[in-house]
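**Student:** This is the structure I want to talk about, given as structure tokens.
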Amino acid sequence: MDEPRRGEGSSGRKKTMGEEWRLKMGETALPEGAVDALVMDYLAREGYADAASAFAEEARQPPPHDSTHLEMRGSIIQHLNDGQCEAAAAKLNELDPELLDRNQSVAFALKLQNLIELVRGGDLAGSLEYAHEEVVPLCEKEPEYLEQLEQVMTLLAFPDKDSPVGHLLDEAERRRVASFVNRSIVTSLGDASDSKLVELFRLLESAQEKGSVQDPSIPHVTNLISAEPLVDMELGPVNRSRS
């Protein structure tokens, strides 16, 4: 009896694309240390200095090539997460004295976040003075910044997290600014702003979108934590978000 050809099931029928996917996945082996290298790249690029050092030791990976630079970026991120914008700016100037002059978006982000911190602290007079002396001049050079400044100034009248602009007082806003500053530092060195792991997830999402249109039997990952491939033959490719 002839063996079924590749692409055919045991009954001789043509395999679905989902079955082909599973077959190829079973035959694919990642190079040793590939996942560890992706994790290390992510930790280093995102500025997690302590985590990168601990992971390198545990996974027996080489440490980041520029640990001093990574530690300084980690310090900048921590200052911003703690609401210490002026300390973050001082450390950034120590790392790259010309970056704030070259990149007005970073300079504005730091000054605007510092203004938010003054508003958070209830310093009305200090907030108005700082906005007039430090932030408004940047808006005069770049008018697109004005709308962001107006939102922050609204906090002076409604300094509450339940206000229309209350999200600016969330810890998530500090983290967003810290992430933006970190990416700007990384790209100033000529590196990609996103880690290889993030790029891989984007590639996965794009491939799943294209694959599910061709054949809903192709498994797709909806939970990146468990990374368990799912197939929903009833929902198909259009309503995958419901699974």
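Lettering and numbering for the structure tokens are positional, with chains as A, B, ... in the shown order, residues counted from 1 in each chain, and ligands counted from 1 in the shown order.
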If you take only C-alpha atoms and a cut-off of 8 Å, which residues of segment 126-213 of chain A touch segment 37-60 of chain A, and what are their nearest atom pairs and distances in Å to one decimal, in chain and number order, as JSON lines?
**Tutor:**
```
{"residue": "A:Ser179", "atom": "CA", "partner": "A:Glu46", "partner_atom": "CA", "distance": 7.5}
{"residue": "A:Asn182", "atom": "CA", "partner": "A:Glu46", "partner_atom": "CA", "distance": 7.0}
{"residue": "A:Arg183", "atom": "CA", "partner": "A:Glu46", "partner_atom": "CA", "distance": 7.6}
{"residue": "A:Val186", "atom": "CA", "partner": "A:Arg45", "partner_atom": "CA", "distance": 7.3}
{"residue": "A:Ser193", "atom": "CA", "partner": "A:Arg45", "partner_atom": "CA", "distance": 7.8}
{"residue": "A:Asp194", "atom": "CA", "partner": "A:Arg45", "partner_atom": "CA", "distance": 7.4}
{"residue": "A:Ser195", "atom": "CA", "partner": "A:Tyr42", "partner_atom": "CA", "distance": 5.1}
{"residue": "A:Lys196", "atom": "CA", "partner": "A:Leu38", "partner_atom": "CA", "distance": 6.4}
{"residue": "A:Leu197", "atom": "CA", "partner": "A:Leu38", "partner_atom": "CA", "distance": 5.7}
{"residue": "A:Val198", "atom": "CA", "partner": "A:Tyr42", "partner_atom": "CA", "distance": 7.9}
```
**Student:** Can you tell me, as a ChimeraX atom specification, which residues in segment 13-236 of chain A count as strand (DSSP E or B) by DSSP?
**Tutor:** /A:14,220-221,229-230
**Student:** Quick one: contact table of segment 3-119 of chain A to segment 143-161 of chain A, 12 Å max, nearest atom pair and distance in Å to one decimal per residue, counting only C-alpha atoms, chain and number order, as a Markdown table?
**Tutor:**
```
| residue | atom | partner | partner_atom | distance |
| --- | --- | --- | --- | --- |
| A:Gln104 | CA | A:Tyr145 | CA | 10.4 |
| A:Ser105 | CA | A:Tyr145 | CA | 9.0 |
| A:Val106 | CA | A:Tyr145 | CA | 11.8 |
| A:Ala107 | CA | A:Tyr145 | CA | 11.5 |
| A:Phe108 | CA | A:Tyr145 | CA | 8.0 |
| A:Ala109 | CA | A:Tyr145 | CA | 9.5 |
| A:Lys111 | CA | A:Leu149 | CA | 10.2 |
| A:Leu112 | CA | A:Leu149 | CA | 7.1 |
| A:Gln113 | CA | A:Val152 | CA | 9.0 |
| A:Asn114 | CA | A:Val152 | CA | 10.6 |
| A:Leu115 | CA | A:Val152 | CA | 7.7 |
| A:Ile116 | CA | A:Val152 | CA | 6.5 |
| A:Glu117 | CA | A:Val152 | CA | 10.2 |
| A:Leu118 | CA | A:Leu156 | CA | 9.9 |
| A:Val119 | CA | A:Leu156 | CA | 6.5 |
```
**Student:** Using DSSP on the backbone, list every residue of segment 10-125 of chain A that comes out as alpha helix (DSSP H), and give them as a ChimeraX atom specification.
**Tutor:** /A:17-27,34-45,49-59,67-81,85-95,99-102,104-120,124-125
**Student:** Which residue, A:Arg176, A:Arg102, A:Glu171, A:Leu128, has the smallest gap to Ser188 of chain A when you use only C-alpha atoms?
**Tutor:**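 When distances to Ser188 of chain A are compared using only C-alpha atoms, the smallest one comes from A:Arg102.
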**Student:** Please provide as a PDB file with N, CA, C and O atoms, in the first residue's frame all residues within 10 Å of Ile77 of chain A, with the sequence filter that same-chain residues fewer than 5 positions apart are discarded (counting only C-alpha atoms).
**Tutor:**
```
ATOM      1  N   GLU A  46      14.789  47.398  26.667  1.00  0.00           N
ATOM      2  CA  GLU A  46      13.798  48.116  27.463  1.00  0.00           C
ATOM      3  C   GLU A  46      14.400  48.769  28.702  1.00  0.00           C
ATOM      4  O   GLU A  46      13.699  49.445  29.456  1.00  0.00           O
ATOM      5  N   GLY A  47      15.681  48.568  28.935  1.00  0.00           N
ATOM      6  CA  GLY A  47      16.353  49.247  30.032  1.00  0.00           C
ATOM      7  C   GLY A  47      16.245  48.572  31.380  1.00  0.00           C
ATOM      8  O   GLY A  47      16.478  49.208  32.411  1.00  0.00           O
ATOM      9  N   TYR A  48      15.908  47.280  31.394  1.00  0.00           N
ATOM     10  CA  TYR A  48      15.792  46.546  32.658  1.00  0.00           C
ATOM     11  C   TYR A  48      17.167  46.003  33.053  1.00  0.00           C
ATOM     12  O   TYR A  48      17.465  44.825  32.851  1.00  0.00           O
ATOM     13  N   GLU A  71      22.729  50.445  32.451  1.00  0.00           N
ATOM     14  CA  GLU A  71      22.453  50.858  33.819  1.00  0.00           C
ATOM     15  C   GLU A  71      21.998  52.314  33.879  1.00  0.00           C
ATOM     16  O   GLU A  71      21.105  52.670  34.663  1.00  0.00           O
ATOM     17  N   MET A  72      22.585  53.163  33.066  1.00  0.00           N
ATOM     18  CA  MET A  72      22.187  54.567  33.053  1.00  0.00           C
ATOM     19  C   MET A  72      20.777  54.729  32.477  1.00  0.00           C
ATOM     20  O   MET A  72      19.973  55.520  32.989  1.00  0.00           O
ATOM     21  N   ASP A  82       9.318  57.229  39.052  1.00  0.00           N
ATOM     22  CA  ASP A  82       9.146  57.783  40.399  1.00  0.00           C
ATOM     23  C   ASP A  82       8.699  59.244  40.366  1.00  0.00           C
ATOM     24  O   ASP A  82       8.551  59.874  41.420  1.00  0.00           O
ATOM     25  N   GLY A  83       8.534  59.804  39.169  1.00  0.00           N
ATOM     26  CA  GLY A  83       8.112  61.193  39.060  1.00  0.00           C
ATOM     27  C   GLY A  83       9.227  62.191  39.230  1.00  0.00           C
ATOM     28  O   GLY A  83       8.972  63.390  39.415  1.00  0.00           O
ATOM     29  N   GLN A  84      10.464  61.759  39.123  1.00  0.00           N
ATOM     30  CA  GLN A  84      11.624  62.634  39.310  1.00  0.00           C
ATOM     31  C   GLN A  84      12.184  63.034  37.942  1.00  0.00           C
ATOM     32  O   GLN A  84      13.241  62.560  37.507  1.00  0.00           O
ATOM     33  N   CYS A  85      11.483  63.914  37.273  1.00  0.00           N
ATOM     34  CA  CYS A  85      11.822  64.247  35.888  1.00  0.00           C
ATOM     35  C   CYS A  85      13.125  65.017  35.769  1.00  0.00           C
ATOM     36  O   CYS A  85      13.886  64.824  34.813  1.00  0.00           O
ATOM     37  N   ALA A  88      15.916  62.662  36.060  1.00  0.00           N
ATOM     38  CA  ALA A  88      16.015  61.890  34.819  1.00  0.00           C
ATOM     39  C   ALA A  88      16.713  62.702  33.735  1.00  0.00           C
ATOM     40  O   ALA A  88      17.564  62.190  33.008  1.00  0.00           O
ATOM     41  N   ARG A 174       3.415  57.970  33.484  1.00  0.00           N
ATOM     42  CA  ARG A 174       4.844  58.003  33.790  1.00  0.00           C
ATOM     43  C   ARG A 174       5.575  56.917  33.011  1.00  0.00           C
ATOM     44  O   ARG A 174       6.643  57.156  32.432  1.00  0.00           O
ATOM     45  N   ARG A 175       4.997  55.725  33.001  1.00  0.00           N
ATOM     46  CA  ARG A 175       5.648  54.610  32.295  1.00  0.00           C
ATOM     47  C   ARG A 175       5.700  54.873  30.798  1.00  0.00           C
ATOM     48  O   ARG A 175       6.672  54.504  30.126  1.00  0.00           O
ATOM     49  N   VAL A 177       5.942  57.793  29.274  1.00  0.00           N
ATOM     50  CA  VAL A 177       7.009  58.763  29.020  1.00  0.00           C
ATOM     51  C   VAL A 177       8.371  58.091  29.169  1.00  0.00           C
ATOM     52  O   VAL A 177       9.277  58.309  28.360  1.00  0.00           O
ATOM     53  N   ALA A 178       8.522  57.268  30.205  1.00  0.00           N
ATOM     54  CA  ALA A 178       9.794  56.564  30.417  1.00  0.00           C
ATOM     55  C   ALA A 178      10.125  55.675  29.231  1.00  0.00           C
ATOM     56  O   ALA A 178      11.277  55.623  28.772  1.00  0.00           O
ATOM     57  N   SER A 179       9.121  54.979  28.710  1.00  0.00           N
ATOM     58  CA  SER A 179       9.339  54.109  27.556  1.00  0.00           C
ATOM     59  C   SER A 179       9.716  54.924  26.322  1.00  0.00           C
ATOM     60  O   SER A 179      10.623  54.541  25.561  1.00  0.00           O
ATOM     61  N   PHE A 180       9.064  56.050  26.128  1.00  0.00           N
ATOM     62  CA  PHE A 180       9.365  56.910  24.978  1.00  0.00           C
ATOM     63  C   PHE A 180      10.799  57.439  25.051  1.00  0.00           C
ATOM     64  O   PHE A 180      11.533  57.429  24.059  1.00  0.00           O
ATOM     65  N   VAL A 181      11.198  57.895  26.231  1.00  0.00           N
ATOM     66  CA  VAL A 181      12.553  58.417  26.395  1.00  0.00           C
ATOM     67  C   VAL A 181      13.580  57.310  26.166  1.00  0.00           C
ATOM     68  O   VAL A 181      14.591  57.505  25.485  1.00  0.00           O
ATOM     69  N   ASN A 182      13.310  56.133  26.709  1.00  0.00           N
ATOM     70  CA  ASN A 182      14.242  55.016  26.530  1.00  0.00           C
ATOM     71  C   ASN A 182      14.391  54.653  25.053  1.00  0.00           C
ATOM     72  O   ASN A 182      15.506  54.455  24.562  1.00  0.00           O
TER      73      ASN A 182
END
```
